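Novice: This is the structure I want to talk about, given as structure tokens.
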Amino acid sequence: MIIIGEKINGTIPIVKQAIEKRDAAFIADRAIKQTEAGASFIDVCASTAPEYEIDTLKWLIEVVQDATDTPLCIDSPNPYAIEAVFKYANKPGMINSISEEVDKCEVLLPLLQGNTWEVVGLTCDDKGIPSDIETKISITRCMVEKADKYGITPNRIHIDPCVMALSTANNAMLNFVKEIKQIKIMYPSIHVTGAISNISFGLPARPLINKTAMAFAIKAGMDSAVMDPLNRDLMGTISATYSLLGLDKHCRKYSNAFRKGKIG
């Protein structure tokens, strides 16, 4: 599982406070702990006022890169902010994200030409997040075709089908599974990602729903996730699911994670 560590995000109150105080030690500690827990990428998301977005992202990038060698996932709803700070990354990482909204593909995809950077693609457009599977698949196809024009192959793309909340959409998980399967049929080498915790919004005992949903999604073909790598229960569910699906020979990775105290 490709894990995009989500704990450096300005929407989290304690992180917002650290950003406002420019508390580099706090941000660095979060980056290091996520790396030690198994993060493949460290997401950096400022979520500040637009006029401070670029400076804050630049600061976060510098602090995280000084703390760990784990590649960055540069995250902003503003493609021009990502474009402005892209040059400060000292190694290829990930951009979060493109979609069919306005000109996001046109601004961000050229940055990925001729290198090994990866990108998250959200299945939404100017009308928002579609509720039907067919539209999400169509958006996926459009993004992949646009990426191809810049030499960006499907194995560098992480499609996020934008899982809906089960509390408002009774078939949310069933539809998510269908979307994952259809995307993988179309593009076998593409990655499918997502913030699986969105499924439990508005429900009690959210961790129970999240863990079960993660197992369903992995079985369907999801191989990337935006999540908290310090969540031992969720990390344990991932390890156990891979073992149960026969994807962990002799359960070596599962056993190793247990010995290191990362699960269990």
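So you can find residues: chains in the structure tokens are A, B, ... in the order shown, residues in each start at 1, and ligands are numbered from 1 in order.
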Do you have, as CSV, the list of residues of segment 92-113 of chain A lying at most 10 Å from segment 73-82 of chain A, each with its nearest atom pair and that distance in Å to one decimal, counting only C-alpha atoms and ordered by chain then number?
Specialist:
residue,atom,partner,partner_atom,distance
A:Pro92,CA,A:Cys73,CA,9.4
A:Gly93,CA,A:Cys73,CA,5.9
A:Met94,CA,A:Cys73,CA,4.4
A:Ile95,CA,A:Ile74,CA,5.0
A:Asn96,CA,A:Asp75,CA,4.6
A:Ser97,CA,A:Asp75,CA,6.7
A:Ile98,CA,A:Pro79,CA,8.0
A:Asp103,CA,A:Pro79,CA,8.3
A:Lys104,CA,A:Pro79,CA,5.8
A:Cys105,CA,A:Pro79,CA,8.7
A:Glu106,CA,A:Pro79,CA,9.4
A:Val107,CA,A:Pro79,CA,6.4
A:Leu108,CA,A:Pro79,CA,6.4
A:Leu111,CA,A:Ile82,CA,9.7
Novice: Mind checking which residues fall within 8 Å of Tyr242 of chain A, counting only C-alpha atoms, ignoring those fewer than 5 positions away in the same chain, and posting them as a PyMOL selection string?
Specialist: chain A and resi 218+247-248
Novice: Could you please take those selected residues and save N, CA and C atoms as a PDB file, in the first residue's frame?
Specialist:
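Output (again-v5.pdb):
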ATOM      1  N   ILE A 218      -9.218  -2.464  -0.611  1.00  0.00           N
ATOM      2  CA  ILE A 218      -8.009  -3.185  -1.020  1.00  0.00           C
ATOM      3  C   ILE A 218      -8.378  -4.405  -1.857  1.00  0.00           C
ATOM      4  N   LEU A 247      -1.216 -11.750  -0.764  1.00  0.00           N
ATOM      5  CA  LEU A 247      -0.294 -10.792  -1.364  1.00  0.00           C
ATOM      6  C   LEU A 247       0.926 -10.533  -0.480  1.00  0.00           C
ATOM      7  N   ASP A 248       1.048 -11.298   0.593  1.00  0.00           N
ATOM      8  CA  ASP A 248       2.157 -11.152   1.528  1.00  0.00           C
ATOM      9  C   ASP A 248       2.716 -12.547   1.785  1.00  0.00           C
TER      10      ASP A 248
END
Novice: Which polymer residues have any atom within 9 Å of an atom of Cys251 of chain A, counting only C-alpha atoms, with same-chain residues fewer than 6 positions away left out, as JSON, numbers by chain?
Specialist: {"A": [239, 240, 242, 243, 244]}
Novice: What's the 12 Å shell around Met143 of chain A, counting only C-alpha atoms, without same-chain residues fewer than 3 positions away, as a ChimeraX atom specification?
Specialist: /A:97-101,103-106,108-109,119-125,136-140,146-150,152-154,157-160,190
Novice: Which neighbours of segment 20-29 of chain A fall inside 12 Å, counting only C-alpha atoms, when residues of the same chain fewer than 2 positions from it are skipped, and could you give them as a count of residues only?
Specialist: 42
Novice: What's the separation between atom CA of Asn198 of chain A and atom CA of Thr135 of chain A, in Å to one decimal place?
Specialist: 19.9 Å
Novice: Work out how far apart atom CA of Pro161 of chain A and atom CA of Ile185 of chain A are and give it in Å to one decimal.
Specialist: 14.4 Å
Novice: So which one's closest to Asn115 of chain A, A:Met235, A:Lys91, A:Ile54, A:Ala195? Using only C-alpha atoms, please.
Specialist: A:Lys91
Novice: How far is it from atom CA of Thr241 of chain A to atom CA of Val163 of chain A, in Å with one decimal?
Specialist: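 So the answer is 19.7 Å.
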Novice: Could you check the closest approach to Phe201 of chain A for each of A:Ala215, A:Lys249, A:Gly264, A:Ala169 and tell me which residue wins, using only C-alpha atoms?
Specialist: A:Ala169
Novice: Determine which residues of segment 133-182 of chain A receive a DSSP assignment of strand (DSSP E or B), computed from the backbone, and state them as a PyMOL selection string.
Specialist: chain A and resi 157-160
Novice: Would you export the selected residues with C-alpha atoms as a PDB file, in the first residue's frame, please?
Specialist:
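Written output follows (again-v9.pdb):
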ATOM      1  CA  ILE A 157      -1.329   8.629 -11.650  1.00  0.00           C
ATOM      2  CA  HIS A 158      -3.320   8.038  -8.457  1.00  0.00           C
ATOM      3  CA  ILE A 159      -7.033   8.294  -9.240  1.00  0.00           C
ATOM      4  CA  ASP A 160      -9.224   9.271  -6.287  1.00  0.00           C
TER       5      ASP A 160
END
